[in-house]
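work.cif (mmCIF, C-alpha atoms (C1' of nucleotides)) appears below.
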data_coords
loop_
_atom_site.group_PDB
_atom_site.id
_atom_site.type_symbol
_atom_site.label_atom_id
_atom_site.label_comp_id
_atom_site.auth_asym_id
_atom_site.auth_seq_id
_atom_site.Cartn_x
_atom_site.Cartn_y
_atom_site.Cartn_z
ATOM 1 C CA MET A 20 19.522 11.182 -27.794
ATOM 2 C CA PRO A 21 15.911 11.817 -28.140
ATOM 3 C CA GLU A 22 14.826 15.381 -27.611
ATOM 4 C CA LEU A 23 12.950 17.422 -30.189
ATOM 5 C CA PRO A 24 15.823 17.807 -32.699
ATOM 6 C CA ASP A 25 16.716 14.120 -32.515
ATOM 7 C CA VAL A 26 13.121 13.032 -33.021
ATOM 8 C CA GLU A 27 12.815 15.446 -35.947
ATOM 9 C CA ILE A 28 15.785 13.696 -37.545
ATOM 10 C CA PHE A 29 14.205 10.289 -36.840
ATOM 11 C CA LYS A 30 11.108 11.564 -38.613
ATOM 12 C CA GLN A 31 13.115 12.598 -41.664
ATOM 13 C CA TYR A 32 14.858 9.232 -41.552
ATOM 14 C CA LEU A 33 11.588 7.330 -41.485
ATOM 15 C CA ASN A 34 10.285 9.474 -44.358
ATOM 16 C CA ALA A 35 13.387 8.784 -46.434
ATOM 17 C CA THR A 36 13.363 5.036 -45.851
ATOM 18 C CA SER A 37 10.076 3.538 -44.794
ATOM 19 C CA LEU A 38 7.079 5.194 -46.453
ATOM 20 C CA HIS A 39 4.796 3.278 -48.848
ATOM 21 C CA HIS A 40 6.421 -0.107 -48.407
ATOM 22 C CA LYS A 41 4.113 -2.960 -47.515
ATOM 23 C CA ILE A 42 4.737 -4.262 -44.009
ATOM 24 C CA GLU A 43 5.121 -8.023 -44.205
ATOM 25 C CA ALA A 44 6.221 -8.952 -40.716
ATOM 26 C CA VAL A 45 6.231 -7.398 -37.252
ATOM 27 C CA GLU A 46 8.154 -8.578 -34.232
ATOM 28 C CA ALA A 47 7.464 -6.916 -30.895
ATOM 29 C CA ARG A 48 10.173 -8.284 -28.653
ATOM 30 C CA SER A 49 9.623 -6.475 -25.391
ATOM 31 C CA ARG A 50 6.435 -6.052 -23.470
ATOM 32 C CA ASP A 51 8.031 -3.182 -21.547
ATOM 33 C CA VAL A 52 7.930 -0.795 -24.490
ATOM 34 C CA LEU A 53 4.352 -1.549 -25.477
ATOM 35 C CA ALA A 54 2.102 1.056 -23.907
ATOM 36 C CA ASP A 55 -1.341 -0.451 -23.510
ATOM 37 C CA LEU A 56 -1.514 -2.945 -26.292
ATOM 38 C CA SER A 57 -0.394 -6.522 -26.786
ATOM 39 C CA SER A 58 2.157 -7.565 -29.359
ATOM 40 C CA ALA A 59 -0.665 -9.341 -31.201
ATOM 41 C CA GLU A 60 -2.667 -6.116 -31.430
ATOM 42 C CA LEU A 61 0.358 -4.207 -32.674
ATOM 43 C CA LYS A 62 1.046 -6.866 -35.267
ATOM 44 C CA LYS A 63 -2.548 -6.837 -36.409
ATOM 45 C CA GLY A 64 -2.515 -3.063 -36.792
ATOM 46 C CA LEU A 65 0.662 -2.994 -38.878
ATOM 47 C CA GLN A 66 0.852 -6.171 -40.932
ATOM 48 C CA GLY A 67 -0.250 -5.835 -44.539
ATOM 49 C CA HIS A 68 -0.341 -2.050 -44.283
ATOM 50 C CA ASN A 69 2.115 0.727 -45.005
ATOM 51 C CA PHE A 70 3.187 4.093 -43.628
ATOM 52 C CA LYS A 71 1.718 7.052 -45.482
ATOM 53 C CA SER A 72 3.243 10.036 -43.715
ATOM 54 C CA THR A 73 4.694 11.241 -40.437
ATOM 55 C CA CYS A 74 4.516 14.114 -38.021
ATOM 56 C CA ARG A 75 6.002 15.014 -34.667
ATOM 57 C CA HIS A 76 4.864 16.703 -31.494
ATOM 58 C CA GLY A 77 7.550 17.366 -28.924
ATOM 59 C CA LYS A 78 9.447 14.116 -28.461
ATOM 60 C CA TYR A 79 6.715 11.926 -29.970
ATOM 61 C CA LEU A 80 6.898 10.635 -33.540
ATOM 62 C CA PHE A 81 3.629 9.785 -35.293
ATOM 63 C CA ALA A 82 3.516 7.559 -38.365
ATOM 64 C CA ALA A 83 0.196 7.457 -40.198
ATOM 65 C CA LEU A 84 -0.851 4.088 -41.616
ATOM 66 C CA ASP A 85 -3.136 3.379 -44.558
ATOM 67 C CA ASN A 86 -5.709 1.897 -42.180
ATOM 68 C CA GLU A 87 -6.343 5.241 -40.474
ATOM 69 C CA LYS A 88 -4.328 4.284 -37.429
ATOM 70 C CA TRP A 89 -1.126 5.832 -36.163
ATOM 71 C CA LEU A 90 1.981 4.175 -34.855
ATOM 72 C CA VAL A 91 3.365 6.447 -32.153
ATOM 73 C CA LEU A 92 6.953 6.157 -31.009
ATOM 74 C CA HIS A 93 8.524 7.666 -27.957
ATOM 75 C CA PHE A 94 12.244 7.083 -27.538
ATOM 76 C CA GLY A 95 12.886 7.354 -23.807
ATOM 77 C CA MET A 96 16.537 8.029 -23.043
ATOM 78 C CA THR A 97 18.204 5.662 -25.489
ATOM 79 C CA GLY A 98 15.871 5.011 -28.410
ATOM 80 C CA PHE A 99 16.518 5.470 -32.130
ATOM 81 C CA LEU A 100 15.541 4.069 -35.539
ATOM 82 C CA LYS A 101 17.565 1.841 -37.808
ATOM 83 C CA TYR A 102 16.804 0.845 -41.396
ATOM 84 C CA PHE A 103 18.803 -2.028 -42.810
ATOM 85 C CA LYS A 104 18.717 -5.023 -45.106
ATOM 86 C CA LYS A 105 20.981 -7.655 -43.610
ATOM 87 C CA MET A 106 19.731 -9.313 -40.454
ATOM 88 C CA GLU A 107 23.287 -9.303 -39.070
ATOM 89 C CA GLU A 108 22.593 -5.667 -38.258
ATOM 90 C CA ASP A 109 19.675 -6.590 -36.061
ATOM 91 C CA SER A 110 20.797 -5.967 -32.463
ATOM 92 C CA PRO A 111 19.637 -7.328 -29.107
ATOM 93 C CA HIS A 112 18.228 -3.886 -28.308
ATOM 94 C CA ASP A 113 15.934 -3.823 -31.306
ATOM 95 C CA ARG A 114 12.649 -4.014 -29.411
ATOM 96 C CA LEU A 115 10.446 -3.748 -32.481
ATOM 97 C CA LEU A 116 11.329 -5.053 -35.919
ATOM 98 C CA ILE A 117 9.211 -4.141 -38.923
ATOM 99 C CA SER A 118 10.024 -6.017 -42.115
ATOM 100 C CA PHE A 119 8.951 -4.625 -45.479
ATOM 101 C CA ALA A 120 8.133 -6.353 -48.740
ATOM 102 C CA ASN A 121 11.248 -4.797 -50.309
ATOM 103 C CA GLY A 122 13.462 -6.911 -48.046
ATOM 104 C CA TYR A 123 14.455 -4.097 -45.715
ATOM 105 C CA HIS A 124 13.771 -3.755 -42.008
ATOM 106 C CA LEU A 125 13.009 -0.848 -39.733
ATOM 107 C CA ALA A 126 14.073 -1.401 -36.125
ATOM 108 C CA TYR A 127 13.121 0.561 -33.039
ATOM 109 C CA ASP A 128 16.207 0.208 -30.881
ATOM 110 C CA CYS A 129 15.723 1.061 -27.215
ATOM 111 C CA GLN A 130 18.385 -0.226 -24.896
ATOM 112 C CA ARG A 131 16.954 0.904 -21.582
ATOM 113 C CA LYS A 132 13.346 0.240 -22.514
ATOM 114 C CA LEU A 133 12.212 3.592 -21.200
ATOM 115 C CA GLY A 134 10.537 4.371 -24.497
ATOM 116 C CA LYS A 135 6.965 3.501 -25.430
ATOM 117 C CA ILE A 136 5.093 2.355 -28.506
ATOM 118 C CA TYR A 137 1.433 3.154 -29.074
ATOM 119 C CA LEU A 138 -1.136 2.373 -31.730
ATOM 120 C CA ILE A 139 -3.812 5.033 -31.787
ATOM 121 C CA GLU A 140 -6.708 6.392 -33.826
ATOM 122 C CA ASP A 141 -6.454 10.100 -33.212
ATOM 123 C CA SER A 142 -3.188 12.022 -32.874
ATOM 124 C CA LYS A 143 -4.792 15.274 -31.677
ATOM 125 C CA LYS A 144 -6.601 13.390 -28.960
ATOM 126 C CA PHE A 145 -3.367 11.640 -27.976
ATOM 127 C CA VAL A 146 -1.540 14.949 -27.516
ATOM 128 C CA LYS A 147 -4.426 16.266 -25.480
ATOM 129 C CA GLU A 148 -4.647 13.216 -23.235
ATOM 130 C CA LYS A 149 -0.922 13.331 -22.575
ATOM 131 C CA GLY A 150 -1.378 16.952 -21.577
ATOM 132 C CA LEU A 151 1.444 18.102 -23.830
ATOM 133 C CA GLY A 152 2.002 21.803 -24.302
ATOM 134 C CA PRO A 153 2.543 23.282 -27.756
ATOM 135 C CA ASP A 154 5.524 21.984 -29.707
ATOM 136 C CA ALA A 155 8.584 24.076 -28.916
ATOM 137 C CA LEU A 156 9.087 24.694 -32.648
ATOM 138 C CA GLY A 157 5.439 24.700 -33.613
ATOM 139 C CA PRO A 158 3.337 27.474 -35.122
ATOM 140 C CA ASN A 159 1.099 27.757 -32.060
ATOM 141 C CA LEU A 160 3.857 29.187 -29.965
ATOM 142 C CA ASN A 161 4.028 32.926 -29.542
ATOM 143 C CA PHE A 162 5.711 35.216 -27.053
ATOM 144 C CA LYS A 163 2.490 36.151 -25.255
ATOM 145 C CA PHE A 164 1.663 32.506 -24.570
ATOM 146 C CA PHE A 165 5.237 31.904 -23.447
ATOM 147 C CA VAL A 166 5.183 34.742 -20.924
ATOM 148 C CA GLU A 167 1.864 33.581 -19.503
ATOM 149 C CA ALA A 168 3.038 29.974 -19.312
ATOM 150 C CA LEU A 169 6.140 30.889 -17.327
ATOM 151 C CA GLY A 170 4.267 33.528 -15.384
ATOM 152 C CA ASN A 171 4.148 32.592 -11.737
ATOM 153 C CA ARG A 172 6.298 29.494 -11.820
ATOM 154 C CA ARG A 173 8.460 29.027 -8.768
ATOM 155 C CA ALA A 174 10.468 26.163 -10.245
ATOM 156 C CA ALA A 175 13.913 26.620 -11.764
ATOM 157 C CA VAL A 176 13.729 27.882 -15.324
ATOM 158 C CA LYS A 177 15.569 24.743 -16.458
ATOM 159 C CA SER A 178 12.848 22.509 -14.997
ATOM 160 C CA THR A 179 10.185 24.721 -16.518
ATOM 161 C CA LEU A 180 11.729 24.437 -19.981
ATOM 162 C CA MET A 181 11.792 20.664 -19.547
ATOM 163 C CA ASN A 182 8.176 20.478 -18.417
ATOM 164 C CA GLN A 183 6.388 18.837 -21.360
ATOM 165 C CA LYS A 184 3.037 20.163 -20.209
ATOM 166 C CA ILE A 185 4.234 23.726 -20.750
ATOM 167 C CA LEU A 186 6.318 23.274 -23.894
ATOM 168 C CA ALA A 187 6.828 19.956 -25.654
ATOM 169 C CA GLY A 188 10.218 18.837 -26.909
ATOM 170 C CA ILE A 189 12.947 20.276 -24.708
ATOM 171 C CA GLY A 190 14.950 17.890 -22.517
ATOM 172 C CA ASN A 191 17.983 17.950 -20.284
ATOM 173 C CA ILE A 192 20.637 18.573 -22.932
ATOM 174 C CA TYR A 193 18.917 21.222 -25.005
ATOM 175 C CA SER A 194 17.622 23.094 -21.963
ATOM 176 C CA ASP A 195 21.271 23.544 -20.970
ATOM 177 C CA GLU A 196 22.149 24.806 -24.443
ATOM 178 C CA ILE A 197 19.210 27.209 -24.585
ATOM 179 C CA LEU A 198 20.044 28.685 -21.179
ATOM 180 C CA PHE A 199 23.716 28.954 -22.085
ATOM 181 C CA GLN A 200 22.971 30.806 -25.323
ATOM 182 C CA ALA A 201 20.534 33.048 -23.453
ATOM 183 C CA GLY A 202 23.069 33.713 -20.689
ATOM 184 C CA ILE A 203 20.626 32.656 -17.961
ATOM 185 C CA TYR A 204 21.548 30.886 -14.725
ATOM 186 C CA PRO A 205 19.624 27.573 -14.795
ATOM 187 C CA LYS A 206 18.375 27.776 -11.206
ATOM 188 C CA THR A 207 16.706 31.151 -11.698
ATOM 189 C CA LYS A 208 13.014 30.859 -10.857
ATOM 190 C CA ALA A 209 11.042 31.047 -14.092
ATOM 191 C CA GLY A 210 8.630 33.598 -12.645
ATOM 192 C CA GLN A 211 11.470 35.924 -11.694
ATOM 193 C CA LEU A 212 12.808 36.432 -15.203
ATOM 194 C CA ASP A 213 12.524 40.002 -16.416
ATOM 195 C CA LYS A 214 11.017 40.897 -19.771
ATOM 196 C CA GLN A 215 14.402 41.159 -21.441
ATOM 197 C CA SER A 216 15.479 37.684 -20.286
ATOM 198 C CA LEU A 217 12.143 36.212 -21.353
ATOM 199 C CA GLN A 218 12.569 37.684 -24.793
ATOM 200 C CA THR A 219 16.092 36.338 -25.153
ATOM 201 C CA LEU A 220 15.008 32.953 -23.852
ATOM 202 C CA PHE A 221 12.064 32.764 -26.244
ATOM 203 C CA LYS A 222 14.291 33.613 -29.185
ATOM 204 C CA GLU A 223 16.987 31.106 -28.187
ATOM 205 C CA ILE A 224 14.525 28.217 -27.872
ATOM 206 C CA ASN A 225 13.728 28.590 -31.539
ATOM 207 C CA LYS A 226 17.274 29.330 -32.595
ATOM 208 C CA VAL A 227 18.965 26.483 -30.729
ATOM 209 C CA LEU A 228 16.424 23.846 -31.755
ATOM 210 C CA SER A 229 16.414 24.842 -35.428
ATOM 211 C CA THR A 230 20.189 25.079 -35.508
ATOM 212 C CA ALA A 231 20.443 21.587 -34.032
ATOM 213 C CA ILE A 232 18.088 20.235 -36.690
ATOM 214 C CA GLU A 233 20.062 21.972 -39.450
ATOM 215 C CA HIS A 234 23.094 20.076 -38.203
ATOM 216 C CA ARG A 235 21.212 16.800 -38.051
ATOM 217 C CA ALA A 236 21.227 16.859 -34.237
ATOM 218 C CA ASP A 237 24.891 15.875 -34.381
ATOM 219 C CA PRO A 238 26.892 17.704 -31.687
ATOM 220 C CA GLU A 239 30.102 17.290 -33.671
ATOM 221 C CA LYS A 240 28.657 19.590 -36.316
ATOM 222 C CA PHE A 241 27.299 22.218 -33.939
ATOM 223 C CA PRO A 242 28.590 25.824 -33.993
ATOM 224 C CA ALA A 243 31.775 26.401 -32.017
ATOM 225 C CA SER A 244 29.861 28.564 -29.524
ATOM 226 C CA TYR A 245 27.714 25.644 -28.369
ATOM 227 C CA ILE A 246 28.155 24.207 -24.891
ATOM 228 C CA ILE A 247 26.811 20.719 -25.686
ATOM 229 C CA PRO A 248 30.153 19.281 -26.888
ATOM 230 C CA HIS A 249 31.786 20.610 -23.694
ATOM 231 C CA ARG A 250 29.010 19.477 -21.414
ATOM 232 C CA HIS A 251 30.947 17.143 -19.110
ATOM 233 C CA SER A 252 33.278 17.340 -16.143
ATOM 234 C CA ASN A 253 36.569 18.913 -17.288
ATOM 235 C CA GLY A 254 34.713 20.892 -19.945
ATOM 236 C CA ASN A 255 35.537 24.531 -20.567
ATOM 237 C CA CYS A 256 33.198 27.258 -21.730
ATOM 238 C CA PRO A 257 33.467 27.704 -25.527
ATOM 239 C CA LYS A 258 32.882 31.449 -25.105
ATOM 240 C CA CYS A 259 35.113 32.479 -22.200
ATOM 241 C CA GLY A 260 37.191 29.432 -21.317
ATOM 242 C CA GLU A 261 35.909 29.238 -17.751
ATOM 243 C CA LYS A 262 35.510 25.784 -16.233
ATOM 244 C CA ILE A 263 32.003 24.423 -16.711
ATOM 245 C CA VAL A 264 30.120 23.638 -13.510
ATOM 246 C CA ARG A 265 27.639 20.858 -12.801
ATOM 247 C CA LEU A 266 24.536 21.378 -10.680
ATOM 248 C CA LYS A 267 21.702 19.100 -9.631
ATOM 249 C CA ILE A 268 18.291 20.537 -10.453
ATOM 250 C CA SER A 269 15.250 18.411 -9.693
ATOM 251 C CA GLY A 270 17.325 15.280 -9.926
ATOM 252 C CA ARG A 271 18.867 16.111 -13.308
ATOM 253 C CA SER A 272 22.373 17.309 -14.058
ATOM 254 C CA ALA A 273 22.672 20.856 -15.311
ATOM 255 C CA TYR A 274 25.925 22.106 -16.816
ATOM 256 C CA TYR A 275 26.544 25.835 -17.082
ATOM 257 C CA CYS A 276 29.227 28.506 -17.255
ATOM 258 C CA PRO A 277 29.351 30.594 -14.061
ATOM 259 C CA GLN A 278 30.917 33.429 -16.019
ATOM 260 C CA CYS A 279 28.463 33.645 -18.922
ATOM 261 C CA GLN A 280 25.364 32.643 -16.935
ATOM 262 C CA SER A 281 25.825 34.655 -13.786
ATOM 263 C CA GLN A 282 23.329 34.463 -10.991
ATOM 264 C CA LYS A 283 21.319 37.650 -10.598
ATOM 265 C CA GLU A 284 20.440 38.988 -7.158
ATOM 266 C "C1'" DC B 9 -2.789 23.909 -8.632
ATOM 267 C "C1'" DC B 10 2.348 23.416 -8.280
ATOM 268 C "C1'" DT B 11 6.935 21.229 -7.385
ATOM 269 C "C1'" DA B 12 10.157 17.660 -6.161
ATOM 270 C "C1'" DT B 13 11.168 12.816 -5.650
ATOM 271 C "C1'" DA B 14 11.340 7.730 -6.363
ATOM 272 C "C1'" DG B 15 10.886 4.212 -9.569
ATOM 273 C "C1'" DC B 16 11.071 2.154 -14.013
ATOM 274 C "C1'" DC B 17 15.219 -0.425 -17.143
ATOM 275 C "C1'" DT B 18 19.994 -1.456 -18.885
ATOM 276 C "C1'" DG B 19 24.794 -0.641 -19.276
ATOM 277 C "C1'" DA B 20 29.218 1.997 -18.754
ATOM 278 C "C1'" DC B 21 32.518 3.787 -15.811
ATOM 279 C "C1'" DG B 22 35.486 4.749 -11.747
ATOM 280 C "C1'" DG B 23 37.188 3.575 -7.114
ATOM 281 C "C1'" DC B 24 38.426 0.092 -3.820
ATOM 282 C "C1'" DT C 3 38.822 -9.608 -11.321
ATOM 283 C "C1'" DG C 4 34.673 -8.497 -8.604
ATOM 284 C "C1'" DC C 5 31.722 -5.494 -6.338
ATOM 285 C "C1'" DC C 6 29.730 -1.090 -5.438
ATOM 286 C "C1'" DG C 7 27.998 3.336 -6.286
ATOM 287 C "C1'" DT C 8 26.948 6.772 -9.693
ATOM 288 C "C1'" DC C 9 25.455 8.350 -13.857
ATOM 289 C "C1'" DA C 10 22.797 8.426 -18.182
ATOM 290 C "C1'" DG C 11 19.501 13.379 -23.807
ATOM 291 C "C1'" DG C 12 12.581 10.496 -20.134
ATOM 292 C "C1'" DC C 13 8.080 9.703 -18.134
ATOM 293 C "C1'" DT C 14 4.872 8.551 -14.513
ATOM 294 C "C1'" DA C 15 2.732 8.163 -10.023
ATOM 295 C "C1'" DT C 16 2.932 9.985 -5.666
ATOM 296 C "C1'" DA C 17 3.765 12.974 -1.655
ATOM 297 C "C1'" DG C 18 4.184 17.439 0.304
#
Translate this file's structure into structure tokens.
Amino acid sequence: MPELPDVEIFKQYLNATSLHHKIEAVEARSRDVLADLSSAELKKGLQGHNFKSTCRHGKYLFAALDNEKWLVLHFGMTGFLKYFKKMEEDSPHDRLLISFANGYHLAYDCQRKLGKIYLIEDSKKFVKEKGLGPDALGPNLNFKFFVEALGNRRAAVKSTLMNQKILAGIGNIYSDEILFQAGIYPKTKAGQLDKQSLQTLFKEINKVLSTAIEHRADPEKFPASYIIPHRHSNGNCPKCGEKIVRLKISGRSAYYCPQCQSQKE
DNA sequence: CCTATAGCCTGACGGC
DNA sequence: TGCCGTCAGGCTATAG
């Protein structure tokens, strides 16, 4: 789930459910998802406090606490948030359980434990230390920067889009969608894209990510022209009907339409 | 500096 | 049914 649009929805979800409620109890159930802090430290940082506001950078969600600290959540491949009242809804994959004074709970569910939880003082510093590029939907992103960032890259454009140090937020699924909408073959070397392709690509990054957010990051609600719902073996291109092809690029699966995303010489 | 790969973790699925 | 390999919306350390 968790690429930029998904995390944006998690942020909205946290805002709608969990702000300004006093945190009464904290259960950190897996050491694996705790970055560089103990469960006791996490508990100490959260208990008795409340969330004031949130923000997001790439795939990271930041929740500001009233003690000037930030809870930072990264969702790995399988993470998501769950707000509920009855403990029957608590699942074995809920790695962190925050219980509020109003009787509700916020769970961080992360089946594969590839996500990470941090407690930090300074969100700007965190982004810098992680080496994250500008948020793919953020205000600091302009075409000039984009062209320079892709400049002399020899890697496949798909890998470049997924490189969090260049742009933060795009993952395996949405890179496929962006390249499909832009009509670009995913293995094209980033540095070999002509001006026209770069312009289209730049525009589609914004368009695809905002469209996904508008539809609550739910593929079932996506426009009929989107490849994501057809992104599997046996899938057919929603634009031309051609059979969708799978490639391996830097260890990740790329799905594309050989008709609409033809390889240029 | 850049790029590609293995490893981390759990579970679902298909083939034999 | 069991076992095996593969795959899965990510990141990191490491090697070339």
Exercise. What is the distance between CA of Cys74 (chain A) and CA of Asp128 (chain A), in Å to one decimal?
Worked result: 19.5 Å
Exercise. Where does the PyMOL selection byres ((chain A) within 9 of (chain C)) land in this file, that is, which residues does it pick, as a PyMOL selection string?
Worked result: chain A and resi 20-22+94-97+133-134+190-193
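We find CA of Ile117 (chain A) and CA of Ile189 (chain A) to be spaced 28.5 Å apart.
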Exercise. Hey, what's within 9 Å of DC17 (chain B) if we count all atoms listed in the file and toss same-chain stuff fewer than 4 positions away? As a PyMOL selection string, please?
Worked result: chain A and resi 51+130-133
Spell out the residues picked by the PyMOL selection byres ((chain B) within 9 of (chain A)) here, as a compact mmCIF listing (two decimals) with C-alpha atoms (C1' of nucleotides), in the frame of the given file.
# COMPACT_ATOMS: atom_id res chain seq x y z
C1' DC B 10 2.35 23.42 -8.28
C1' DT B 11 6.94 21.23 -7.38
C1' DA B 12 10.16 17.66 -6.16
C1' DT B 13 11.17 12.82 -5.65
C1' DC B 16 11.07 2.15 -14.01
C1' DC B 17 15.22 -0.42 -17.14
C1' DT B 18 19.99 -1.46 -18.89
C1' DG B 19 24.79 -0.64 -19.28
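Our summary of the geometry notes that CA of Asn161 (chain A) is positioned 14.4 Å from CA of Lys214 (chain A).
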For this session: With the file shown as input, list the residues that the PyMOL selection byres ((chain A and resi 211) around 12) selects, as an NGL selection string.
Result: :A and (166 or 169-176 or 203-204 or 206-210 or 212-217 or 282-284)
Exercise. With only C-alpha atoms as the basis for distance, which of A:Thr179, A:Ser49, A:Asn86, A:Ser272 is at the shortest distance from Leu115 (chain A)?
Worked result: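 Of A:Thr179, A:Ser49, A:Asn86, A:Ser272, the one nearest Leu115 (chain A), counting only C-alpha atoms, is A:Ser49.
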Show me, as AutoDock Vina command-line options, the centre and edge lengths in Å to one decimal of the axis-aligned box that covers every listed atom of chain B with 6 Å on each side.
--center_x 17.8 --center_y 11.2 --center_z -11.5 --size_x 53.2 --size_y 37.4 --size_z 27.5
Exercise. Which polymer residues have any atom within 8 Å of an atom of Ile246 (chain A), counting all atoms listed in the file, with same-chain residues fewer than 3 positions away left out, as a ChimeraX atom specification?
Worked result: /A:195-196,199,249-250,256-257
Find the residues near region 28-44 of chain A: any atom within 6 Å, counting all atoms listed in the file, skip ones fewer than 4 places away on the same chain, and give them as a compact mmCIF listing (two decimals) with C-alpha atoms, in the coordinates of the input.
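Full text of selection.txt as output:
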# COMPACT_ATOMS: atom_id res chain seq x y z
CA GLN A 66 0.85 -6.17 -40.93
CA GLY A 67 -0.25 -5.84 -44.54
CA HIS A 68 -0.34 -2.05 -44.28
CA ASN A 69 2.12 0.73 -45.00
CA PHE A 70 3.19 4.09 -43.63
CA LYS A 71 1.72 7.05 -45.48
CA ILE A 117 9.21 -4.14 -38.92
CA SER A 118 10.02 -6.02 -42.12
CA PHE A 119 8.95 -4.62 -45.48
CA ALA A 120 8.13 -6.35 -48.74
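Minimum atom-to-atom distance to Leu266 (chain A), evaluated using only C-alpha atoms, belongs to A:Lys177 out of A:Lys177, A:Ala201, A:His124, A:Glu108.
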